[in-house]
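K.L.:
Got a file for you: structure-v3.txt, compact mmCIF, C-alpha atoms.
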```txt
# COMPACT_ATOMS: atom_id res chain seq x y z
CA MET A 1 0.00 0.00 0.00
CA ARG A 2 1.45 3.39 -1.11
CA THR A 3 1.34 6.44 1.13
CA ALA A 4 -0.77 9.22 -0.36
CA GLY A 5 1.27 11.41 -2.66
CA THR A 6 4.21 8.98 -2.82
CA GLY A 7 3.14 7.48 -6.15
CA ARG A 8 2.74 10.88 -7.75
CA GLY A 9 6.20 11.89 -6.52
CA GLN A 10 7.72 8.75 -7.97
CA ASP A 11 5.92 9.35 -11.25
CA ARG A 12 7.23 12.89 -11.41
CA ALA A 13 10.75 11.71 -10.66
CA GLU A 14 10.52 9.07 -13.34
CA ALA A 15 9.21 11.65 -15.82
CA ARG A 16 12.16 13.91 -15.01
CA ARG A 17 14.59 11.04 -15.59
CA ILE A 18 12.98 10.25 -18.94
CA ALA A 19 13.02 13.91 -19.98
CA ALA A 20 16.68 14.21 -18.97
CA GLY A 21 17.47 11.12 -20.98
CA ARG A 22 15.73 12.54 -24.00
CA ARG A 23 17.63 15.81 -23.66
CA GLY A 24 20.86 13.83 -23.42
CA ASP A 25 19.97 11.86 -26.54
CA ALA A 26 19.12 15.07 -28.41
CA ALA A 27 22.41 16.65 -27.34
CA ALA A 28 24.29 13.56 -28.49
CA ARG A 29 22.53 13.64 -31.85
CA GLU A 30 23.34 17.35 -32.21
CA ARG A 31 27.02 16.67 -31.41
CA ALA A 32 27.06 13.88 -33.98
CA ARG A 33 25.50 16.15 -36.62
CA ALA A 34 28.04 18.89 -35.85
CA LYS A 35 30.88 16.39 -36.06
CA GLY A 36 29.57 15.11 -39.39
CA LYS A 37 29.22 18.63 -40.78
CA ALA A 38 32.75 19.48 -39.68
CA ALA A 39 34.03 16.37 -41.43
CA LEU A 40 32.24 17.34 -44.63
CA VAL A 41 33.66 20.87 -44.50
CA ALA A 42 37.14 19.53 -43.84
CA GLY A 43 36.76 17.06 -46.68
CA ALA A 44 35.61 19.77 -49.09
CA ALA A 45 38.49 22.00 -48.05
CA GLY A 46 40.93 19.13 -48.61
CA VAL A 47 39.53 18.43 -52.07
CA ALA A 48 39.62 22.13 -52.92
CA LEU A 49 43.24 22.43 -51.80
CA ALA A 50 44.19 19.40 -53.89
CA VAL A 51 42.48 20.91 -56.94
CA LEU A 52 44.12 24.31 -56.48
CA LEU A 53 47.57 22.82 -55.96
CA SER A 54 47.35 20.43 -58.91
CA GLY A 55 45.82 22.89 -61.36
CA CYS A 56 45.74 26.59 -61.98
CA GLY A 57 47.64 27.60 -58.88
CA SER A 58 50.33 24.94 -58.89
CA GLY A 59 53.84 26.08 -58.18
CA ASN A 60 52.81 29.53 -56.89
CA ALA A 61 53.28 30.75 -60.45
CA GLN A 62 50.36 33.08 -60.36
CA GLY A 63 50.55 36.76 -59.74
CA GLY A 64 47.63 38.78 -58.55
CA GLY A 65 46.20 42.17 -57.80
CA GLY A 66 43.46 42.43 -55.25
CA ASP A 67 43.95 46.10 -54.45
CA ALA A 68 41.77 48.95 -55.71
CA ALA A 69 44.61 50.55 -57.71
CA SER A 70 45.17 47.34 -59.66
CA GLU A 71 41.44 47.01 -60.34
CA ARG A 72 41.24 50.59 -61.63
CA ALA A 73 44.26 50.04 -63.87
CA THR A 74 42.71 46.87 -65.30
CA ALA A 75 39.39 48.61 -65.94
CA LYS A 76 41.21 51.44 -67.73
CA ALA A 77 43.03 48.91 -69.90
CA ASP A 78 39.71 47.22 -70.70
CA ARG A 79 38.25 50.49 -71.94
CA ALA A 80 41.33 51.34 -74.00
CA HIS A 81 41.28 47.91 -75.61
CA ARG A 82 37.62 47.99 -76.59
CA PRO A 83 37.34 47.84 -80.43
CA ALA A 84 34.49 48.67 -82.74
CA ARG A 85 32.05 45.78 -82.97
CA ALA A 86 32.26 43.49 -85.97
CA GLU A 87 29.08 41.85 -87.26
CA GLY A 88 28.05 39.51 -90.07
CA LEU A 89 31.11 37.23 -89.74
CA THR A 90 30.73 33.74 -91.18
CA GLU A 91 33.68 32.45 -89.12
CA ILE A 92 35.54 33.48 -85.96
CA PRO A 93 38.40 35.73 -87.16
CA GLY A 94 41.86 34.27 -86.72
CA VAL A 95 40.56 30.73 -86.19
CA GLY A 96 41.56 28.29 -88.92
CA SER A 97 39.43 25.52 -90.37
CA ARG A 98 40.85 22.85 -88.04
CA LEU A 99 39.58 24.49 -84.85
CA GLN A 100 36.66 26.24 -86.56
CA GLY A 101 35.32 22.81 -87.45
CA ARG A 102 35.38 21.77 -83.80
CA ILE A 103 32.96 24.51 -82.73
CA PRO A 104 29.64 22.69 -82.18
CA GLU A 105 26.83 23.57 -84.58
CA ASP A 106 24.54 24.41 -81.69
CA SER A 107 27.03 26.79 -80.05
CA ARG A 108 25.83 30.41 -80.05
CA GLN A 109 28.60 31.86 -77.85
CA VAL A 110 32.36 31.62 -78.31
CA VAL A 111 35.08 32.97 -76.03
CA ALA A 112 38.09 33.28 -78.34
CA VAL A 113 41.46 33.47 -76.53
CA GLU A 114 44.31 34.52 -78.82
CA GLY A 115 47.78 34.32 -77.30
CA LYS A 116 50.46 36.70 -78.49
CA GLY A 117 52.94 33.90 -79.12
CA GLU A 118 53.76 30.27 -78.40
CA ASP A 119 55.94 31.21 -75.42
CA SER A 120 54.13 34.39 -74.36
CA ALA A 121 51.81 34.89 -71.38
CA ASP A 122 49.98 37.82 -73.03
CA ALA A 123 46.63 37.28 -74.73
CA VAL A 124 43.40 38.88 -75.92
CA VAL A 125 39.95 37.50 -75.09
CA ARG A 126 37.07 38.22 -77.49
CA LEU A 127 33.44 37.26 -77.00
CA TYR A 128 31.40 36.34 -80.08
CA THR A 129 27.70 35.56 -80.41
CA ARG A 130 26.05 33.75 -83.32
CA ALA A 131 22.79 34.97 -84.82
CA GLY A 132 19.99 32.81 -86.18
CA ASN A 133 21.35 33.17 -89.71
CA GLY A 134 24.66 31.63 -88.66
CA THR A 135 26.74 34.82 -88.70
CA TRP A 136 28.94 35.87 -85.80
CA LYS A 137 29.10 39.23 -84.03
CA ARG A 138 32.00 40.32 -81.85
CA ALA A 139 30.50 41.68 -78.64
CA HIS A 140 33.61 42.43 -76.55
CA SER A 141 37.41 42.34 -76.55
CA TRP A 142 39.65 42.41 -73.47
CA PRO A 143 43.33 42.02 -72.54
CA ALA A 144 44.17 38.77 -70.75
CA HIS A 145 46.92 36.39 -69.68
CA ASN A 146 47.50 32.69 -70.23
CA GLY A 147 50.10 30.18 -68.98
CA LYS A 148 53.36 31.85 -67.95
CA ASN A 149 55.29 29.60 -70.38
CA GLY A 150 52.83 30.09 -73.24
CA TRP A 151 50.82 27.42 -75.08
CA THR A 152 50.96 23.71 -75.90
CA HIS A 153 49.08 21.10 -77.94
CA HIS A 154 50.08 18.45 -75.37
CA HIS A 155 49.44 19.94 -71.95
CA HIS A 156 50.74 18.04 -68.94
CA GLU A 157 50.80 18.64 -65.20
CA GLY A 158 53.15 21.43 -64.19
CA ASP A 159 54.24 22.64 -67.64
CA LYS A 160 52.85 26.16 -66.95
CA ARG A 161 51.37 26.26 -70.47
CA SER A 162 47.74 26.64 -71.52
CA PRO A 163 46.21 23.88 -73.67
CA VAL A 164 45.33 24.69 -77.29
CA GLY A 165 41.87 23.62 -78.39
CA VAL A 166 38.10 24.02 -78.29
CA PHE A 167 36.49 23.29 -74.93
CA SER A 168 32.95 23.67 -73.62
CA LEU A 169 32.06 25.96 -70.71
CA SER A 170 29.43 24.56 -68.36
CA ASP A 171 30.28 25.28 -64.71
CA ALA A 172 31.33 28.22 -62.57
CA GLY A 173 31.93 29.24 -58.98
CA GLY A 174 34.12 31.31 -56.71
CA VAL A 175 34.87 32.79 -53.32
CA LEU A 176 32.43 35.66 -53.93
CA PRO A 177 28.64 35.22 -54.08
CA ASP A 178 26.94 34.51 -57.39
CA PRO A 179 26.92 37.80 -59.37
CA GLY A 180 23.99 36.65 -61.49
CA ALA A 181 25.62 33.82 -63.42
CA LYS A 182 23.62 31.87 -65.96
CA LEU A 183 25.97 28.89 -65.66
CA PRO A 184 25.55 26.76 -62.50
CA TYR A 185 27.53 28.61 -59.80
CA ALA A 186 29.20 27.04 -56.75
CA HIS A 187 29.75 29.70 -54.08
CA SER A 188 32.33 28.41 -51.60
CA ALA A 189 35.20 29.61 -49.44
CA ALA A 190 36.94 26.41 -50.57
CA PHE A 191 38.07 28.35 -53.67
CA THR A 192 40.29 30.53 -51.44
CA PRO A 193 43.99 30.11 -52.33
CA PRO A 194 46.24 28.64 -49.59
CA THR A 195 47.59 31.18 -47.13
CA TYR A 196 51.20 30.40 -48.06
CA TRP A 197 50.66 31.55 -51.66
CA PRO A 198 51.91 35.10 -52.37
CA LYS A 199 49.64 37.87 -51.11
CA LYS A 200 49.04 39.04 -54.67
CA THR A 201 47.09 35.83 -55.37
CA ARG A 202 44.44 36.50 -52.72
CA ASN A 203 41.67 37.33 -55.21
CA ASP A 204 42.54 35.03 -58.11
CA PHE A 205 39.51 32.81 -57.60
CA ASP A 206 36.90 35.37 -56.61
CA TYR A 207 35.12 34.17 -59.77
CA VAL A 208 36.01 31.18 -61.94
CA ILE A 209 34.59 29.44 -65.00
CA ALA A 210 35.80 25.89 -65.53
CA ILE A 211 37.24 25.14 -68.97
CA ASN A 212 36.24 21.56 -69.77
CA TYR A 213 39.73 20.23 -70.34
CA ASN A 214 40.29 16.86 -68.63
CA ARG A 215 37.39 17.28 -66.23
CA VAL A 216 33.84 16.03 -65.74
CA LYS A 217 31.33 18.40 -67.31
CA GLY A 218 28.43 19.36 -65.07
CA THR A 219 30.37 19.29 -61.79
CA THR A 220 31.73 22.07 -59.59
CA PRO A 221 35.07 23.50 -60.79
CA LEU A 222 36.54 22.04 -57.57
CA ASP A 223 35.85 18.46 -58.70
CA PRO A 224 39.32 16.84 -58.88
CA THR A 225 38.33 14.06 -61.31
CA ARG A 226 40.74 13.77 -64.27
CA PRO A 227 39.22 11.41 -66.89
CA GLN A 228 42.47 11.37 -68.94
CA GLY A 229 44.65 10.87 -65.88
CA GLN A 230 46.44 13.19 -63.48
CA ALA A 231 49.49 13.53 -65.74
CA LYS A 232 47.37 15.38 -68.33
CA GLY A 233 46.77 18.21 -65.86
CA GLY A 234 43.47 19.89 -65.09
CA SER A 235 41.74 22.69 -63.21
CA ILE A 236 42.12 24.95 -66.25
CA TRP A 237 39.88 27.92 -65.53
CA LEU A 238 38.93 31.38 -66.65
CA HIS A 239 39.52 33.49 -63.56
CA ARG A 240 40.42 36.91 -62.24
CA ASP A 241 43.58 38.46 -63.68
CA HIS A 242 46.61 39.14 -61.54
CA GLY A 243 48.93 41.01 -63.89
CA ASP A 244 51.09 38.21 -65.30
CA GLY A 245 51.09 34.59 -66.49
CA THR A 246 49.22 31.72 -64.84
CA SER A 247 49.92 28.03 -64.38
CA GLY A 248 47.73 27.21 -67.39
CA CYS A 249 44.51 29.15 -66.86
CA VAL A 250 43.26 32.22 -68.73
CA SER A 251 42.84 35.34 -66.60
CA VAL A 252 40.85 38.54 -67.16
CA SER A 253 39.79 41.40 -64.91
CA LYS A 254 37.17 41.06 -62.19
CA ALA A 255 34.76 43.20 -64.21
CA VAL A 256 35.22 40.97 -67.26
CA MET A 257 34.61 37.84 -65.18
CA ARG A 258 31.31 39.33 -64.01
CA THR A 259 30.37 40.12 -67.62
CA LEU A 260 31.19 36.59 -68.75
CA LEU A 261 29.28 35.02 -65.88
CA ARG A 262 26.21 37.11 -66.60
CA THR A 263 26.42 36.49 -70.36
CA LEU A 264 27.44 32.87 -70.95
CA ASP A 265 24.24 30.88 -71.19
CA PRO A 266 24.11 27.05 -71.03
CA ASP A 267 21.17 27.15 -73.45
CA LYS A 268 23.55 28.69 -76.03
CA HIS A 269 26.20 25.99 -75.50
CA PRO A 270 29.19 28.31 -74.94
CA VAL A 271 32.71 27.16 -75.80
CA VAL A 272 36.20 28.60 -75.56
CA VAL A 273 38.53 28.47 -78.56
CA MET A 274 42.04 29.07 -77.25
CA GLY A 275 45.64 29.06 -78.36
CA ASP A 276 48.51 31.20 -79.55
CA LYS A 277 47.97 33.11 -82.77
CA ALA A 278 49.79 30.63 -84.99
CA SER A 279 48.05 27.60 -83.47
CA LEU A 280 44.62 29.18 -83.79
CA SER A 281 45.02 30.04 -87.46
CA GLY A 282 46.70 26.77 -88.44
```
What's the structure tokens form of this structure?
P.N.:
Amino acid sequence: MRTAGTGRGQDRAEARRIAAGRRGDAAARERARAKGKAALVAGAAGVALAVLLSGCGSGNAQGGGGDAASERATAKADRAHRPARAEGLTEIPGVGSRLQGRIPEDSRQVVAVEGKGEDSADAVVRLYTRAGNGTWKRAHSWPAHNGKNGWTHHHHEGDKRSPVGVFSLSDAGGVLPDPGAKLPYAHSAAFTPPTYWPKKTRNDFDYVIAINYNRVKGTTPLDPTRPQGQAKGGSIWLHRDHGDGTSGCVSVSKAVMRTLLRTLDPDKHPVVVMGDKASLSG
């Protein structure tokens, strides 16, 4: 026989023990979720670092200019380099039949990168759009840089040369938020260059557009997969200019990167045609 009130006290005590247990379980689950999230972040950072080190930023070869003075100088150069627009072109100027024939029939946007010379890091980037009647119109022209050692038809890891060819453009991303890109955009701090790179490289990957050379189309630019093998190199991107040659990428000003991101449309199947002047016309 229970004393009056004793049963209720025991019930309340038991309820408190159950509630405490539930709170403990919830806290444990929350700790597990936090641990899992931290592991995912660490994994993504590790993958990103591997991509950056094996691709465009390998060897600390890149220069950079994140300061306001550099940005103003680049913008001034952009304006000075802007030519009159050319319309009604049946082919991309300076691109010979070999590479011209590799531009897909359904492509309505071409980023043409013309290097100054086989061993030069200086280049010009021109954006062309194709009308319904098949003719091309040059929309823009900007100064740019390519691999610090120039160009190659047989790119390999660490050669500091940009690959010659025609490559599709399907994926973008960067340290900065999406500026209104039409291409799928991966916004992530994982694009940030390692802290031991030179200070001038701090803003190289504010915005990037992956060039589909030895990579899986339709994935983030940070995807390290190399279908042709690691020796063939990878992580060849369009990204923010830094004032000199890259490790294989093509670099333009921050303003130009924003323009490209807001203009290149997956429905128009954009491609980049790139190489030194002689290779393009050959």
K.L.:
Restricting the calculation to all atoms listed in the file, which member of A:Ile209, A:Val110, A:Leu169, A:Val272 is positioned closest to A:Ile92?
P.N.:
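Between A:Ile209, A:Val110, A:Leu169, A:Val272, the residue approaching A:Ile92 most closely is A:Val110.
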K.L.:
Interatomic distance between atom CA of A:Gln109 and atom CA of A:Pro143?
P.N.:
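Here the two named atoms are 18.7 Å from each other.
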K.L.:
So which one's closest to A:Pro198, A:Gly173, A:Trp151, A:Asp122, A:His242? Using only C-alpha atoms, please.
P.N.:
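Answer, going by the shortest atom-to-atom distance: A:His242.
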K.L.:
Counting all atoms listed in the file, what is within 9 Å of A:Ser120, bar same-chain residues fewer than 3 positions away, as a PyMOL selection string?
P.N.:
chain A and resi 115-117+123+145-151+245+276
K.L.:
From the list A:Asp204, A:Glu105, A:Asp171, A:Glu114, which residue is nearest A:Pro93 when using all atoms listed in the file?
P.N.:
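Of all the options, A:Glu114 lies closest to A:Pro93.
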K.L.:
Could you check which of A:Gly234, A:Val164, A:Ala139, A:Asp178 is closest to A:Arg98, using all atoms listed in the file?
P.N.:
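Result for the nearest residue to A:Arg98: A:Val164.
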K.L.:
A:Val125, A:Val208, A:Val175, A:Val166: which is nearest A:Arg138, counting all atoms listed in the file?
P.N.:
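Using all atoms listed in the file, A:Arg138 sits closest to A:Val125.
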K.L.:
Can you work out the spacing between atom CA of A:Lys232 and atom CA of A:Asn214 in Å, to one decimal?
P.N.:
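One can read the atom CA of A:Lys232 to atom CA of A:Asn214 distance as 7.2 Å.
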K.L.:
Taking (34.1, 34.2, -74.9) in the file's own coordinates, collect the residues within 8 Å, counting only C-alpha atoms, and hand them back as a list in words.
P.N.:
Gln109, Val110, Val111, Ala112, Val113, Val125, Arg126, Leu127, Tyr128, Leu260, Leu264, Pro270, Val271 and Val272 of chain A
K.L.:
In Å, with one decimal, what is the gap from atom CA of A:Lys217 to atom CA of A:Pro184?
P.N.:
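Separation of atom CA of A:Lys217 and atom CA of A:Pro184: 11.2 Å.
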K.L.:
For a quick check of understanding, using only C-alpha atoms, which of A:Thr90, A:Thr220, A:Ser281, A:Ser235 has the smallest distance to A:Thr129?
P.N.:
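Smallest separation from A:Thr129 among the options: A:Thr90.
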K.L.:
Residues at most 8 Å from A:Asp159, counting only C-alpha atoms, excluding those fewer than 4 positions away in the same chain, as a ChimeraX atom specification?
P.N.:
/A:149,155,247-248
K.L.:
Please provide the set of residues having any atom within 6 Å of A:Asp241, restricted to only C-alpha atoms, with same-chain residues fewer than 4 positions apart removed, written as a CSV table (one decimal) with C-alpha atoms, in the coordinates of the input.
P.N.:
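Below you can see selection_34.csv, which holds the result:
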```csv
chain,number,residue,atom,x,y,z
A,251,SER,CA,42.8,35.3,-66.6
A,252,VAL,CA,40.8,38.5,-67.2
A,253,SER,CA,39.8,41.4,-64.9
```
K.L.:
For A:His156, find every residue with an atom within 9 Å (counting all atoms listed in the file), except residues of its own chain fewer than 5 positions away, and show them as a list in words.
P.N.:
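So the residues in contact are Arg161, Pro163, Gln230, Ala231, Lys232, Gly233 and Gly234 of chain A.
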